$ cat input_36.tsv   # TSV, C-alpha atoms and all ligand atoms
chain	number	residue	atom	x	y	z
B	1	MET	CA	-39.93	7.38	50.44
B	2	ARG	CA	-40.97	7.16	46.79
B	3	TYR	CA	-38.39	9.88	45.90
B	4	ALA	CA	-35.66	7.97	47.72
B	5	LEU	CA	-36.48	4.85	45.69
B	6	VAL	CA	-36.44	6.79	42.39
B	7	TRP	CA	-33.10	8.36	43.28
B	8	SER	CA	-31.61	4.99	44.29
B	9	ILE	CA	-32.64	3.47	40.94
B	10	PHE	CA	-31.23	6.50	39.13
B	11	PHE	CA	-27.86	6.24	40.92
B	12	CYS	CA	-27.67	2.48	40.32
B	13	LEU	CA	-28.31	3.04	36.61
B	14	MET	CA	-25.64	5.76	36.45
B	15	ALA	CA	-23.12	3.50	38.24
B	16	LEU	CA	-23.92	0.64	35.84
B	17	MET	CA	-23.46	2.89	32.80
B	18	ALA	CA	-20.14	4.18	34.16
B	19	CYS	CA	-18.99	0.58	34.64
B	20	LEU	CA	-20.05	-0.47	31.16
B	21	GLY	CA	-18.47	2.66	29.68
B	22	GLY	CA	-15.13	1.70	31.21
B	23	MET	CA	-15.39	-1.81	29.80
B	24	LEU	CA	-16.28	-0.77	26.26
B	25	PRO	CA	-13.56	0.10	23.73
B	26	LYS	CA	-13.19	3.83	23.13
B	27	ALA	CA	-14.71	5.05	19.86
B	28	SER	CA	-11.84	7.38	19.00
B	29	ALA	CA	-8.28	6.22	18.37
B	30	ALA	CA	-5.72	6.87	21.08
B	31	GLY	CA	-3.07	9.50	20.46
B	32	ALA	CA	0.31	8.71	18.89
B	33	GLY	CA	1.91	8.64	22.37
B	34	GLU	CA	0.15	5.39	23.19
B	35	HIS	CA	1.44	3.67	20.05
B	36	LYS	CA	4.76	2.66	18.55
B	37	ILE	CA	4.59	3.83	14.97
B	38	LEU	CA	6.70	2.80	11.99
B	39	VAL	CA	6.59	4.80	8.76
B	40	ALA	CA	7.98	2.44	6.11
B	41	TYR	CA	8.24	3.69	2.56
B	42	PHE	CA	9.70	2.97	-0.84
B	43	SER	CA	10.50	5.92	-3.07
B	44	TRP	CA	12.25	5.94	-6.43
B	45	SER	CA	12.42	9.66	-7.17
B	46	GLY	CA	11.80	11.24	-3.75
B	47	THR	CA	8.11	12.22	-3.77
B	48	THR	CA	6.88	9.44	-1.49
B	49	LYS	CA	9.91	10.01	0.73
B	50	GLN	CA	8.78	13.62	1.33
B	51	VAL	CA	5.29	12.45	2.31
B	52	ALA	CA	6.76	9.77	4.59
B	53	GLU	CA	8.96	12.36	6.28
B	54	GLN	CA	5.95	14.57	6.90
B	55	ILE	CA	4.02	11.63	8.37
B	56	GLY	CA	7.07	10.93	10.55
B	57	ARG	CA	7.06	14.52	11.82
B	58	GLU	CA	3.31	14.53	12.47
B	59	THR	CA	3.22	11.19	14.30
B	60	GLY	CA	6.67	11.02	15.85
B	61	GLY	CA	7.00	7.62	14.16
B	62	THR	CA	10.24	5.93	13.13
B	63	LEU	CA	11.11	6.19	9.44
B	64	PHE	CA	12.27	3.14	7.51
B	65	GLU	CA	13.22	3.34	3.84
B	66	ILE	CA	12.56	0.16	1.85
B	67	GLN	CA	15.64	-0.08	-0.35
B	68	PRO	CA	16.20	-2.57	-3.14
B	69	GLU	CA	19.36	-4.63	-2.90
B	70	THR	CA	19.82	-3.98	-6.61
B	71	PRO	CA	18.94	-0.32	-7.27
B	72	TYR	CA	16.39	0.48	-9.99
B	73	PRO	CA	17.67	2.28	-13.10
B	74	THR	CA	17.80	6.04	-12.61
B	75	GLU	CA	16.48	6.76	-16.11
B	76	TYR	CA	12.66	6.91	-16.30
B	77	GLN	CA	12.02	4.64	-19.31
B	78	ALA	CA	14.51	2.06	-18.05
B	79	CYS	CA	12.78	2.08	-14.67
B	80	LEU	CA	9.37	1.67	-16.33
B	81	ASP	CA	10.74	-1.34	-18.22
B	82	ALA	CA	12.31	-2.86	-15.11
B	83	ALA	CA	9.10	-2.39	-13.13
B	84	SER	CA	7.01	-3.89	-15.91
B	85	LYS	CA	9.28	-6.97	-16.03
B	86	GLU	CA	8.95	-7.37	-12.25
B	87	VAL	CA	5.16	-7.34	-12.53
B	88	ALA	CA	5.19	-9.92	-15.33
B	89	ALA	CA	7.56	-12.19	-13.38
B	90	LYS	CA	5.68	-11.65	-10.06
B	91	ALA	CA	9.15	-10.80	-8.77
B	92	ARG	CA	10.09	-10.27	-5.14
B	93	PRO	CA	13.07	-7.91	-5.38
B	94	ALA	CA	15.37	-8.29	-2.36
B	95	ILE	CA	15.40	-5.58	0.31
B	96	ARG	CA	18.30	-4.30	2.35
B	97	PRO	CA	18.42	-3.49	5.28
B	98	GLN	CA	15.66	-4.93	7.48
B	99	VAL	CA	13.43	-3.31	10.11
B	100	GLU	CA	14.81	-3.82	13.60
B	101	GLN	CA	12.31	-5.14	16.17
B	102	MET	CA	9.25	-5.09	13.93
B	103	ASP	CA	7.38	-6.81	16.79
B	104	SER	CA	7.60	-3.64	18.86
B	105	TYR	CA	5.48	-1.59	16.43
B	106	ASP	CA	1.71	-1.69	16.61
B	107	VAL	CA	1.03	0.84	13.83
B	108	VAL	CA	2.73	0.64	10.43
B	109	PHE	CA	2.31	3.28	7.76
B	110	ILE	CA	3.40	1.90	4.41
B	111	GLY	CA	4.11	4.27	1.54
B	112	PHE	CA	5.01	3.77	-2.12
B	113	PRO	CA	4.68	5.32	-5.58
B	114	ILE	CA	2.05	3.80	-7.85
B	115	TRP	CA	3.83	1.74	-10.51
B	116	TRP	CA	1.74	0.33	-13.29
B	117	TYR	CA	-1.49	1.20	-11.40
B	118	ASN	CA	-0.43	-0.80	-8.35
B	119	ALA	CA	2.12	-0.93	-5.53
B	120	PRO	CA	5.63	-1.86	-6.77
B	121	MET	CA	6.61	-5.52	-6.33
B	122	ILE	CA	9.15	-4.52	-3.69
B	123	VAL	CA	6.18	-3.69	-1.47
B	124	ASP	CA	5.15	-7.36	-1.79
B	125	THR	CA	8.64	-8.35	-0.64
B	126	PHE	CA	8.34	-6.03	2.35
B	127	LEU	CA	4.87	-7.24	3.34
B	128	GLU	CA	5.94	-10.89	3.03
B	129	SER	CA	9.05	-10.29	5.16
B	130	TYR	CA	7.24	-9.62	8.43
B	131	ASP	CA	4.21	-10.72	10.40
B	132	PHE	CA	1.73	-7.86	10.50
B	133	ALA	CA	-0.92	-9.81	12.44
B	134	GLY	CA	-2.56	-7.64	15.09
B	135	LYS	CA	-1.01	-4.44	13.75
B	136	THR	CA	-2.79	-1.46	12.27
B	137	VAL	CA	-1.55	-0.97	8.70
B	138	ILE	CA	-2.08	2.40	7.00
B	139	PRO	CA	-1.13	2.59	3.32
B	140	PHE	CA	-0.35	5.79	1.43
B	141	CYS	CA	0.89	6.43	-2.08
B	142	THR	CA	1.95	9.14	-4.49
B	143	SER	CA	1.29	8.91	-8.20
B	144	GLY	CA	0.87	10.77	-11.45
B	145	GLY	CA	-2.88	10.47	-11.02
B	146	SER	CA	-3.74	6.81	-10.35
B	147	PRO	CA	-5.55	6.28	-7.03
B	148	ILE	CA	-4.44	3.82	-4.32
B	149	GLY	CA	-7.46	1.50	-4.78
B	150	VAL	CA	-5.84	-1.41	-6.67
B	151	ALA	CA	-2.86	-1.40	-4.32
B	152	MET	CA	-5.23	-1.66	-1.34
B	153	ASP	CA	-6.44	-5.06	-2.60
B	154	LYS	CA	-2.85	-6.27	-2.70
B	155	ILE	CA	-2.07	-4.97	0.78
B	156	ARG	CA	-5.21	-6.48	2.30
B	157	LEU	CA	-4.25	-9.82	0.75
B	158	HIS	CA	-0.82	-9.69	2.41
B	159	CYS	CA	-2.20	-8.57	5.80
B	160	PRO	CA	-5.24	-10.80	6.44
B	161	ASN	CA	-4.94	-10.54	10.21
B	162	SER	CA	-4.25	-6.83	10.44
B	163	THR	CA	-6.52	-3.83	10.68
B	164	VAL	CA	-5.85	-2.25	7.28
B	165	LEU	CA	-7.21	1.30	7.29
B	166	ASP	CA	-8.28	3.14	4.13
B	167	GLY	CA	-5.20	4.28	2.24
B	168	LEU	CA	-4.39	7.84	1.22
B	169	THR	CA	-3.47	8.92	-2.29
B	170	ALA	CA	-1.16	11.70	-1.13
B	171	ASN	CA	-1.35	13.99	-4.13
B	172	ARG	CA	-0.49	17.67	-3.97
B	173	THR	CA	-3.80	18.70	-2.45
B	174	ALA	CA	-3.76	16.05	0.28
B	175	ASP	CA	-3.84	17.54	3.77
B	176	ILE	CA	-1.48	15.17	5.62
B	177	PRO	CA	-1.73	16.83	9.08
B	178	ALA	CA	-5.56	16.74	8.91
B	179	TRP	CA	-5.45	13.08	7.84
B	180	ILE	CA	-3.13	12.13	10.71
B	181	GLN	CA	-5.29	14.10	13.12
B	182	LYS	CA	-8.41	12.30	11.89
B	183	LEU	CA	-6.69	8.93	12.29
B	184	GLY	CA	-5.90	9.87	15.88
B	185	PHE	CA	-2.13	9.43	15.49
B	186	ALA	CA	-0.96	13.04	15.79
B	187	LYS	CA	1.86	13.34	18.30
B	201	LIG	C1	7.95	2.58	-13.12
B	201	LIG	C2	6.92	3.65	-12.91
B	201	LIG	C3	5.58	3.38	-13.14
B	201	LIG	C4	4.61	4.35	-12.89
B	201	LIG	N1	3.28	4.02	-13.05
B	201	LIG	C5	2.34	4.96	-12.74
B	201	LIG	C6	0.94	4.64	-12.86
B	201	LIG	O1	0.53	3.54	-13.23
B	201	LIG	N2	0.03	5.62	-12.53
B	201	LIG	C7	0.43	6.87	-12.11
B	201	LIG	O2	-0.43	7.68	-11.83
B	201	LIG	N3	1.74	7.18	-11.99
B	201	LIG	C8	2.70	6.28	-12.28
B	201	LIG	N4	4.03	6.59	-12.14
B	201	LIG	C9	4.38	7.89	-11.57
B	201	LIG	C10	4.72	7.78	-10.08
B	201	LIG	O3	3.73	7.06	-9.37
B	201	LIG	C11	4.81	9.17	-9.41
B	201	LIG	O4	5.69	10.00	-10.12
B	201	LIG	C12	5.24	9.05	-7.95
B	201	LIG	O5	4.83	10.20	-7.25
B	201	LIG	C13	6.73	8.88	-7.80
B	201	LIG	O6	7.03	8.66	-6.45
B	201	LIG	P1	8.54	8.54	-5.93
B	201	LIG	O7	9.20	9.88	-6.25
B	201	LIG	O8	8.42	8.34	-4.47
B	201	LIG	O9	9.20	7.42	-6.63
B	201	LIG	C14	5.00	5.64	-12.43
B	201	LIG	C15	6.37	5.93	-12.28
B	201	LIG	C16	7.31	4.95	-12.53
B	201	LIG	C17	8.78	5.27	-12.36
$ encode --input "input_36.tsv" --output "structure tokens" --more "lines below"
Ligand SMILES: Cc1cc2nc3c(=O)[nH]c(=O)nc-3n(C[C@H](O)[C@H](O)[C@H](O)COP(=O)(O)O)c2cc1C
Amino acid sequence: MRYALVWSIFFCLMALMACLGGMLPKASAAGAGEHKILVAYFSWSGTTKQVAEQIGRETGGTLFEIQPETPYPTEYQACLDAASKEVAAKARPAIRPQVEQMDSYDVVFIGFPIWWYNAPMIVDTFLESYDFAGKTVIPFCTSGGSPIGVAMDKIRLHCPNSTVLDGLTANRTADIPAWIQKLGFAK
């Protein structure tokens, strides 16, 4: 009789734990298949574009290139000057074209080169052009050595109601597939 009572309590506890387990959010992220992923990027000389394309392959996400309506100068010093003027003027350079059905994406990777230790002003334009509330935003950058840290502050400011994950400085030694795997967005 006593054993029956012990077993009944044990089974009740197990059933309760199973119930609670089903109600609690899962600790690990769901796979890419359960998400609609956008990989948006700006790239002046092609490095960030390569990283974005790799992220696109790893996640199965849709690529979107952020393009300035007025192209930046192709010569390095002229581009440095143009970028520096944009920072000073807090410019919002116009973007063309636009993302179709942004509402349908729940995960947005956003990539850019570091310009003057921060994300280029065109990234501000992009982030101000859409509502990222409720989305998971994952920044990544390439650079000549500067880390993504300062740009993260800017992105968090633009996306107050999003889950902004730690950004990746995708330098040459960065293991993109391992990063995507760790995030739980591998396809
Ligand atoms: C206007 C401009 C400003 C830059 N400022 C920085 C910087 O502050 N720190 C840095 O490490 N690299 C800087 N770089 C180098 C780029 O971040 C780096 O070459 C990047 O990988 C280029 O990416 P992209 O090919 O996608 O344009 C700058 C490059 C340009 C053109």
$ closest_residue --input "input_36.tsv" --among "B:Phe126, B:Tyr41, B:Tyr105, B:Phe64" --to "ligand LIG 201 (chain B)" --atoms "all atoms listed in the file"
B:Tyr41
$ closest_residue --input "input_36.tsv" --among "B:Gly60, B:Pro120, B:Gly144, B:Pro97" --to "Cys79 of chain B" --atoms "all atoms listed in the file"
B:Pro120
$ residues_around --input "input_36.tsv" --residues "Gly134 of chain B" --least-positions-apart "4" --cutoff "9 Å" --atoms "all atoms listed in the file" --output "JSON, numbers by chain"
{"B": [106, 161, 162, 163]}
$ write_last_selection --input "input_36.tsv" --atoms "C-alpha atoms" --output "short mmCIF file (atom, residue, chain, number, x, y, z; two decimals), keeping the file's coordinate frame"
data_model
loop_
_atom_site.label_atom_id
_atom_site.label_comp_id
_atom_site.auth_asym_id
_atom_site.auth_seq_id
_atom_site.Cartn_x
_atom_site.Cartn_y
_atom_site.Cartn_z
CA ASP B 106 1.71 -1.69 16.61
CA ASN B 161 -4.94 -10.54 10.21
CA SER B 162 -4.25 -6.83 10.44
CA THR B 163 -6.52 -3.83 10.68
#
$ atom_distance --input "input_36.tsv" --atom1 "atom CA of Cys159 of chain B" --atom2 "atom CA of Asp81 of chain B"
28.2 Å
$ closest_residue --input "input_36.tsv" --among "B:Ala83, B:Val51, B:Val164, B:Val137" --to "ligand LIG 201 (chain B)" --atoms "only C-alpha atoms and all ligand atoms"
B:Ala83
$ residues_near_ligand --input "input_36.tsv" --ligand "ligand LIG 201 (chain B)" --cutoff "6 Å" --atoms "only C-alpha atoms and all ligand atoms" --output "MDAnalysis selection string"
chainID B and resid 43:49 76 79:80 83 113:117 142:146
$ write_last_selection --input "input_36.tsv" --atoms "C-alpha atoms" --output "PDB file, in the coordinates of the input"
ATOM      1  CA  SER B  43      10.500   5.920  -3.070  1.00  0.00           C
ATOM      2  CA  TRP B  44      12.250   5.940  -6.430  1.00  0.00           C
ATOM      3  CA  SER B  45      12.420   9.660  -7.170  1.00  0.00           C
ATOM      4  CA  GLY B  46      11.800  11.240  -3.750  1.00  0.00           C
ATOM      5  CA  THR B  47       8.110  12.220  -3.770  1.00  0.00           C
ATOM      6  CA  THR B  48       6.880   9.440  -1.490  1.00  0.00           C
ATOM      7  CA  LYS B  49       9.910  10.010   0.730  1.00  0.00           C
ATOM      8  CA  TYR B  76      12.660   6.910 -16.300  1.00  0.00           C
ATOM      9  CA  CYS B  79      12.780   2.080 -14.670  1.00  0.00           C
ATOM     10  CA  LEU B  80       9.370   1.670 -16.330  1.00  0.00           C
ATOM     11  CA  ALA B  83       9.100  -2.390 -13.130  1.00  0.00           C
ATOM     12  CA  PRO B 113       4.680   5.320  -5.580  1.00  0.00           C
ATOM     13  CA  ILE B 114       2.050   3.800  -7.850  1.00  0.00           C
ATOM     14  CA  TRP B 115       3.830   1.740 -10.510  1.00  0.00           C
ATOM     15  CA  TRP B 116       1.740   0.330 -13.290  1.00  0.00           C
ATOM     16  CA  TYR B 117      -1.490   1.200 -11.400  1.00  0.00           C
ATOM     17  CA  THR B 142       1.950   9.140  -4.490  1.00  0.00           C
ATOM     18  CA  SER B 143       1.290   8.910  -8.200  1.00  0.00           C
ATOM     19  CA  GLY B 144       0.870  10.770 -11.450  1.00  0.00           C
ATOM     20  CA  GLY B 145      -2.880  10.470 -11.020  1.00  0.00           C
ATOM     21  CA  SER B 146      -3.740   6.810 -10.350  1.00  0.00           C
TER      22      SER B 146
END
